[in-house]
Structure formats: C-alpha cells, structure tokens
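K.L.:
Contents of upload.pdb (PDB, C-alpha atoms and all ligand atoms) are below:
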```pdb
ATOM      1  CA  MET A   1     -54.184 -23.375  33.814
ATOM      2  CA  LYS A   2     -52.445 -21.142  31.262
ATOM      3  CA  LYS A   3     -50.506 -23.290  28.778
ATOM      4  CA  VAL A   4     -47.427 -22.118  26.880
ATOM      5  CA  LEU A   5     -45.807 -23.775  23.840
ATOM      6  CA  THR A   6     -42.460 -23.291  22.159
ATOM      7  CA  TYR A   7     -40.344 -25.075  19.538
ATOM      8  CA  GLY A   8     -36.648 -25.548  18.984
ATOM      9  CA  THR A   9     -33.642 -27.743  18.300
ATOM     10  CA  PHE A  10     -31.952 -27.100  21.684
ATOM     11  CA  ASP A  11     -28.648 -28.709  20.669
ATOM     12  CA  LEU A  12     -25.747 -28.192  23.119
ATOM     13  CA  LEU A  13     -28.176 -26.525  25.563
ATOM     14  CA  HIS A  14     -26.868 -23.124  26.686
ATOM     15  CA  HIS A  15     -28.002 -20.146  28.755
ATOM     16  CA  GLY A  16     -29.670 -18.517  25.760
ATOM     17  CA  HIS A  17     -31.986 -21.521  25.536
ATOM     18  CA  ILE A  18     -32.509 -21.502  29.307
ATOM     19  CA  ASN A  19     -33.365 -17.770  29.260
ATOM     20  CA  LEU A  20     -35.953 -18.474  26.575
ATOM     21  CA  LEU A  21     -37.488 -21.397  28.471
ATOM     22  CA  LYS A  22     -37.507 -19.438  31.744
ATOM     23  CA  ARG A  23     -39.292 -16.442  30.190
ATOM     24  CA  ALA A  24     -41.678 -18.725  28.297
ATOM     25  CA  LYS A  25     -42.706 -20.493  31.491
ATOM     26  CA  ALA A  26     -43.187 -17.136  33.238
ATOM     27  CA  LEU A  27     -45.977 -16.389  30.746
ATOM     28  CA  GLY A  28     -48.154 -19.209  32.088
ATOM     29  CA  ASP A  29     -48.421 -22.215  34.386
ATOM     30  CA  HIS A  30     -47.408 -25.056  32.058
ATOM     31  CA  LEU A  31     -44.726 -25.129  29.341
ATOM     32  CA  THR A  32     -44.695 -27.614  26.477
ATOM     33  CA  VAL A  33     -41.536 -27.722  24.362
ATOM     34  CA  ALA A  34     -41.557 -29.287  20.890
ATOM     35  CA  VAL A  35     -38.005 -30.452  20.245
ATOM     36  CA  SER A  36     -37.019 -30.798  16.581
ATOM     37  CA  THR A  37     -36.324 -34.373  15.495
ATOM     38  CA  ASP A  38     -33.083 -35.166  13.674
ATOM     39  CA  GLU A  39     -34.971 -35.658  10.409
ATOM     40  CA  PHE A  40     -36.772 -32.307  10.789
ATOM     41  CA  ASN A  41     -33.478 -30.585  11.567
ATOM     42  CA  LEU A  42     -32.005 -31.832   8.300
ATOM     43  CA  GLY A  43     -34.807 -29.875   6.625
ATOM     44  CA  LYS A  44     -33.692 -26.834   8.656
ATOM     45  CA  GLY A  45     -30.140 -27.417   7.415
ATOM     46  CA  LYS A  46     -29.019 -28.308  10.935
ATOM     47  CA  VAL A  47     -26.853 -31.280  11.862
ATOM     48  CA  CYS A  48     -27.044 -31.744  15.626
ATOM     49  CA  THR A  49     -24.251 -32.859  17.943
ATOM     50  CA  TYR A  50     -26.775 -34.662  20.132
ATOM     51  CA  PRO A  51     -29.494 -36.892  18.630
ATOM     52  CA  TYR A  52     -33.157 -36.144  19.327
ATOM     53  CA  GLU A  53     -33.528 -38.576  22.262
ATOM     54  CA  GLU A  54     -30.616 -36.922  24.116
ATOM     55  CA  ARG A  55     -31.759 -33.356  23.328
ATOM     56  CA  ALA A  56     -35.291 -34.224  24.488
ATOM     57  CA  CYS A  57     -33.936 -35.824  27.680
ATOM     58  CA  ILE A  58     -31.894 -32.708  28.500
ATOM     59  CA  VAL A  59     -34.757 -30.262  27.779
ATOM     60  CA  GLU A  60     -37.111 -32.444  29.849
ATOM     61  CA  ALA A  61     -34.742 -32.011  32.824
ATOM     62  CA  VAL A  62     -35.028 -28.201  32.762
ATOM     63  CA  ARG A  63     -37.182 -27.175  35.714
ATOM     64  CA  PHE A  64     -39.237 -24.695  33.618
ATOM     65  CA  VAL A  65     -40.316 -27.466  31.217
ATOM     66  CA  ASP A  66     -43.444 -29.548  31.911
ATOM     67  CA  LEU A  67     -43.781 -31.573  28.717
ATOM     68  CA  VAL A  68     -41.598 -32.396  25.711
ATOM     69  CA  ILE A  69     -43.091 -33.447  22.363
ATOM     70  CA  PRO A  70     -41.318 -34.053  19.021
ATOM     71  CA  GLU A  71     -41.331 -31.434  16.264
ATOM     72  CA  THR A  72     -41.482 -33.365  12.997
ATOM     73  CA  SER A  73     -42.878 -30.793  10.549
ATOM     74  CA  TRP A  74     -43.447 -27.076   9.921
ATOM     75  CA  GLU A  75     -47.185 -27.815   9.646
ATOM     76  CA  GLN A  76     -47.842 -29.256  13.103
ATOM     77  CA  LYS A  77     -48.124 -26.016  15.097
ATOM     78  CA  ILE A  78     -51.853 -25.334  14.629
ATOM     79  CA  GLU A  79     -52.692 -28.944  15.495
ATOM     80  CA  ASP A  80     -50.381 -28.813  18.532
ATOM     81  CA  VAL A  81     -52.023 -25.595  19.770
ATOM     82  CA  LYS A  82     -55.473 -27.159  19.453
ATOM     83  CA  GLU A  83     -54.566 -30.598  20.821
ATOM     84  CA  HIS A  84     -52.684 -29.242  23.842
ATOM     85  CA  ARG A  85     -55.141 -26.330  24.416
ATOM     86  CA  ILE A  86     -52.305 -23.825  24.219
ATOM     87  CA  ASP A  87     -52.908 -20.198  25.306
ATOM     88  CA  VAL A  88     -49.528 -18.713  24.372
ATOM     89  CA  PHE A  89     -47.057 -19.592  21.607
ATOM     90  CA  VAL A  90     -43.579 -18.244  22.361
ATOM     91  CA  ILE A  91     -40.344 -18.201  20.374
ATOM     92  CA  GLY A  92     -37.228 -16.071  20.011
ATOM     93  CA  ASP A  93     -37.457 -12.881  17.948
ATOM     94  CA  ASP A  94     -35.151 -14.318  15.295
ATOM     95  CA  TRP A  95     -38.505 -15.720  14.137
ATOM     96  CA  GLU A  96     -40.319 -12.371  14.444
ATOM     97  CA  GLY A  97     -43.506 -12.432  12.358
ATOM     98  CA  LYS A  98     -42.979 -15.960  10.999
ATOM     99  CA  PHE A  99     -45.689 -17.539  13.135
ATOM    100  CA  ASP A 100     -48.305 -14.744  13.180
ATOM    101  CA  PHE A 101     -50.744 -17.187  11.533
ATOM    102  CA  LEU A 102     -51.091 -18.736  15.009
ATOM    103  CA  LYS A 103     -52.725 -15.517  16.318
ATOM    104  CA  GLU A 104     -56.042 -16.985  15.158
ATOM    105  CA  TYR A 105     -55.615 -19.763  17.732
ATOM    106  CA  CYS A 106     -53.551 -18.333  20.605
ATOM    107  CA  GLU A 107     -51.438 -15.405  21.784
ATOM    108  CA  VAL A 108     -48.113 -15.162  19.887
ATOM    109  CA  VAL A 109     -45.042 -13.797  21.705
ATOM    110  CA  TYR A 110     -41.584 -13.234  20.224
ATOM    111  CA  LEU A 111     -38.958 -12.851  22.953
ATOM    112  CA  PRO A 112     -35.606 -11.081  22.482
ATOM    113  CA  ARG A 113     -32.789 -13.557  21.851
ATOM    114  CA  THR A 114     -29.930 -13.713  24.345
ATOM    115  CA  GLU A 115     -26.979 -12.014  22.673
ATOM    116  CA  GLY A 116     -23.463 -13.468  22.595
ATOM    117  CA  ILE A 117     -24.289 -17.165  22.695
ATOM    118  CA  SER A 118     -25.334 -19.753  20.120
ATOM    119  CA  THR A 119     -24.849 -23.427  19.442
ATOM    120  CA  THR A 120     -22.813 -22.458  16.364
ATOM    121  CA  GLN A 121     -20.500 -20.300  18.508
ATOM    122  CA  ILE A 122     -20.013 -23.174  20.956
ATOM    123  CA  LYS A 123     -19.082 -25.530  18.109
ATOM    124  CA  GLU A 124     -16.654 -22.970  16.669
ATOM    125  CA  THR A 125     -15.032 -22.423  20.069
ATOM    126  CA  LEU A 126     -14.599 -26.161  20.584
ATOM    127  CA  SER A 127     -13.162 -26.642  17.098
ATOM    128  CA  GLY A 128     -10.640 -23.870  17.773
ATOM    129  CA  LYS A 129     -11.907 -21.517  15.045
TER     130      LYS A 129
HETATM  131  N1  LIG A 201     -32.583 -18.659  21.497
HETATM  132  C1  LIG A 201     -32.410 -17.486  22.225
HETATM  133  N2  LIG A 201     -31.168 -16.967  22.363
HETATM  134  C2  LIG A 201     -30.085 -17.578  21.811
HETATM  135  C3  LIG A 201     -30.252 -18.771  21.090
HETATM  136  C4  LIG A 201     -31.518 -19.303  20.947
HETATM  137  O1  LIG A 201     -33.389 -16.915  22.739
HETATM  138  N3  LIG A 201     -28.859 -17.015  21.971
HETATM  139  C5  LIG A 201     -33.930 -19.189  21.353
HETATM  140  C6  LIG A 201     -34.394 -19.247  19.900
HETATM  141  O2  LIG A 201     -34.884 -17.966  19.491
HETATM  142  C7  LIG A 201     -35.505 -20.294  19.970
HETATM  143  C8  LIG A 201     -34.982 -21.255  21.062
HETATM  144  O3  LIG A 201     -33.980 -20.526  21.807
HETATM  145  O4  LIG A 201     -36.715 -19.703  20.413
HETATM  146  C9  LIG A 201     -34.364 -22.507  20.483
HETATM  147  O5  LIG A 201     -33.348 -22.119  19.579
HETATM  148  P1  LIG A 201     -32.860 -23.214  18.491
HETATM  149  O6  LIG A 201     -32.552 -24.472  19.186
HETATM  150  O7  LIG A 201     -31.857 -22.551  17.600
HETATM  151  O8  LIG A 201     -34.200 -23.475  17.680
HETATM  152  P2  LIG A 201     -34.557 -23.056  16.185
HETATM  153  O9  LIG A 201     -33.635 -23.681  15.242
HETATM  154  O10 LIG A 201     -34.750 -21.593  16.166
HETATM  155  O11 LIG A 201     -35.945 -23.858  15.997
HETATM  156  O12 LIG A 201     -40.361 -24.405  14.401
HETATM  157  C10 LIG A 201     -39.445 -23.532  15.033
HETATM  158  C11 LIG A 201     -38.055 -24.087  15.034
HETATM  159  O13 LIG A 201     -38.025 -25.432  15.433
HETATM  160  C12 LIG A 201     -37.165 -23.230  15.947
END
```
Could you render the structure from this file as structure tokens?
Ligand code: C2G

P.N.:
Amino acid sequence: MKKVLTYGTFDLLHHGHINLLKRAKALGDHLTVAVSTDEFNLGKGKVCTYPYEERACIVEAVRFVDLVIPETSWEQKIEDVKEHRIDVFVIGDDWEGKFDFLKEYCEVVYLPRTEGISTTQIKETLSGK
C-alpha cells in the first residue's frame, strides 16, 4: 500500500483544498492529513474561524482522506513519515523547496495551488471588503 501524507490548516474548506487532497490521494492508496492545531496555527500567524476539532472533523469527511492526525510542530514531519511508513509527502507549491529535507525519507511532491481561491479571500468576501 502506497501511503501519502500532507499537512495544512484547512480552515473554511474550499475547492482549492479539495483539489489538493484529491491529487494527493491519486499519488497512492492511503492519504494521511496532518491538520494544524489552533496553537500551532498561532505560530503560523493564523487565527482560524473553525477550531481544530471542527476542521479535523470536516477534513476527515472528505472521501480522499483516510486518516487525520494533529500537526503540533514544524519538527514532527520526519517522525510522522517514519511512524506512518509514508512513501510520498505532498503539499502545495507555495511551499516549493521548503520540505526537501524529507527527500531522505520519502518522495516529496509540490503540487500547483488552485488559483483564485483562498481562505483569506473567503473571509474578505464575507466581511464585505
Ligand atoms: N492549497 C491549494 N490551493 C489553494 C489553497 C490551498 O492547493 N488555493 C493547498 C496548500 O498549498 C496546502 C493545502 O492546500 O498544501 C492546505 O492549505 P492551508 O490550509 O493554507 O495550509 P498551510 O497554512 O499552507 O499549512 O506544515 C505545513 C503547513 O501546515 C501547511
């Protein structure tokens, strides 16, 4: 079984996230998604609309997703790859090159982001900006 792993906040889930998850799953047979905790997001300078439990529940319901785990630190990726016997690490190309250190442990794939949609844009639209 070819195992795929990705990470993200996934707040206000939108089709850009779904496109990422769909393409990630297509690279293997099993997709694990590490969803950023609220505390970790503060470190990323992100304040989420939905708390971790709700974001994890929503991501878990996506048919491409097989397992959700919490992302609590920048340092957990190598351990996650080893512990979950991951074959492919995938993330959007806004992170291009940032996780090349994982190439020692698994394949690393940066996928093109979906243009024209973001959680920030959704928030701005809703706030009438
Ligand atoms: N994404 C995308 N297209 C968009 C928006 C997001 O492909 N229009 C992708 C991102 O590239 C990422 C995933 O969807 O791979 C989740 O995006 P975010 O929730 O913004 O996650 P991020 O803050 O990038 O967290 O350790 C890594 C971080 O946790 C990644």

K.L.:
Considering only C-alpha atoms, return as a compact mmCIF listing (two decimals) with C-alpha atoms, keeping the file's coordinate frame whatever protein or nucleic-acid residues lie within 8 Å of His30 (chain A), sequence-local ones (same chain, fewer than 3 positions apart) excluded.

P.N.:
```
# COMPACT_ATOMS: atom_id res chain seq x y z
CA MET A 1 -54.18 -23.38 33.81
CA LYS A 2 -52.44 -21.14 31.26
CA LYS A 3 -50.51 -23.29 28.78
CA VAL A 4 -47.43 -22.12 26.88
CA LYS A 25 -42.71 -20.49 31.49
CA VAL A 65 -40.32 -27.47 31.22
CA ASP A 66 -43.44 -29.55 31.91
```

K.L.:
Could you tell me which residues the PyMOL selection byres (((chain A and resi 51-63) around 9) and not hetatm) returns for this structure, as JSON, numbers by chain?

P.N.:
{"A": [9, 10, 11, 12, 13, 18, 21, 22, 33, 34, 35, 36, 37, 38, 48, 49, 50, 64, 65, 66, 67, 68, 69, 70]}

K.L.:
Could you please determine the separation between atom O9 of ligand LIG 201 (chain A) and CA of Trp74 (chain A) in Å, to one decimal place?

P.N.:
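Computing it gives 11.7 Å between the two atoms.
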
K.L.:
When you draw a straight line from CA of Tyr110 (chain A) to CA of Lys44 (chain A), how long is it in Å?

P.N.:
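Spanning CA of Tyr110 (chain A) to CA of Lys44 (chain A) is a straight-line distance of 19.5 Å.
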
K.L.:
With distances taken over only C-alpha atoms and all ligand atoms, which of A:Ile117, A:Cys106, A:Val47, A:Ile78 is nearest to ligand LIG 201 (chain A)?

P.N.:
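Smallest separation from ligand LIG 201 (chain A) among the options: A:Ile117.
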
K.L.:
Got a sec to check which residues lie within 6 Å of ligand LIG 201 (chain A), using only C-alpha atoms and all ligand atoms, and send them as a list of chain:residue names?

P.N.:
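Written in the requested form, the residues are A:Tyr7, A:Gly8, A:Thr9, A:Phe10, A:Asp11, A:Gly16, A:His17, A:Leu20, A:Ser36, A:Ile91, A:Gly92, A:Asp93, A:Asp94, A:Arg113, A:Thr114, A:Glu115, A:Ile117, A:Ser118.
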
K.L.:
Store the residues picked out above, limited to C-alpha atoms, as a short mmCIF file (atom, residue, chain, number, x, y, z; two decimals), in the frame of the given file.

P.N.:
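Output contents, as saved in out-v9.cif:
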```cif
data_model
loop_
_atom_site.label_atom_id
_atom_site.label_comp_id
_atom_site.auth_asym_id
_atom_site.auth_seq_id
_atom_site.Cartn_x
_atom_site.Cartn_y
_atom_site.Cartn_z
CA TYR A 7 -40.34 -25.08 19.54
CA GLY A 8 -36.65 -25.55 18.98
CA THR A 9 -33.64 -27.74 18.30
CA PHE A 10 -31.95 -27.10 21.68
CA ASP A 11 -28.65 -28.71 20.67
CA GLY A 16 -29.67 -18.52 25.76
CA HIS A 17 -31.99 -21.52 25.54
CA LEU A 20 -35.95 -18.47 26.58
CA SER A 36 -37.02 -30.80 16.58
CA ILE A 91 -40.34 -18.20 20.37
CA GLY A 92 -37.23 -16.07 20.01
CA ASP A 93 -37.46 -12.88 17.95
CA ASP A 94 -35.15 -14.32 15.30
CA ARG A 113 -32.79 -13.56 21.85
CA THR A 114 -29.93 -13.71 24.34
CA GLU A 115 -26.98 -12.01 22.67
CA ILE A 117 -24.29 -17.16 22.70
CA SER A 118 -25.33 -19.75 20.12
#
```

K.L.:
Using the file's own x, y and z axes, so that the box edges lie along x, y and z, what centre and edge lengths in Å (one decimal) does a box around every listed atom of region 47-57 of chain A get when 6 Å is added on each side? Give it as lines of an AutoDock Vina configuration file.

P.N.:
```
center_x = -29.8
center_y = -34.9
center_z = 19.8
size_x = 23.0
size_y = 19.3
size_z = 27.8
```

K.L.:
What's around Ala24 (chain A) at 8 Å? Count only C-alpha atoms, leave out sequence neighbours fewer than 5 positions away in its own chain, and write the answer as a PyMOL selection string.

P.N.:
chain A and resi 4-6+31+90

K.L.:
Between CA of Leu42 (chain A) and CA of Asp100 (chain A), what is the spacing in Å?

P.N.:
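It comes out at 24.1 Å.
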
K.L.:
Could you check the closest approach to His14 (chain A) for each of A:Lys82, A:Lys123, A:Lys103, A:Lys77 and tell me which residue wins, using only C-alpha atoms?

P.N.:
A:Lys123

K.L.:
Just checking: using all atoms listed in the file, which residue out of A:Arg85, A:Glu79, A:Asn19, A:Lys46 ends up closest to Thr120 (chain A)?

P.N.:
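Using all atoms listed in the file, the shortest distance to Thr120 (chain A) belongs to A:Lys46.
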
K.L.:
Measuring between all atoms listed in the file, which one of A:Leu126, A:Val81, A:Ala26, A:Val109 shows the shortest distance to Gly97 (chain A)?

P.N.:
A:Val109
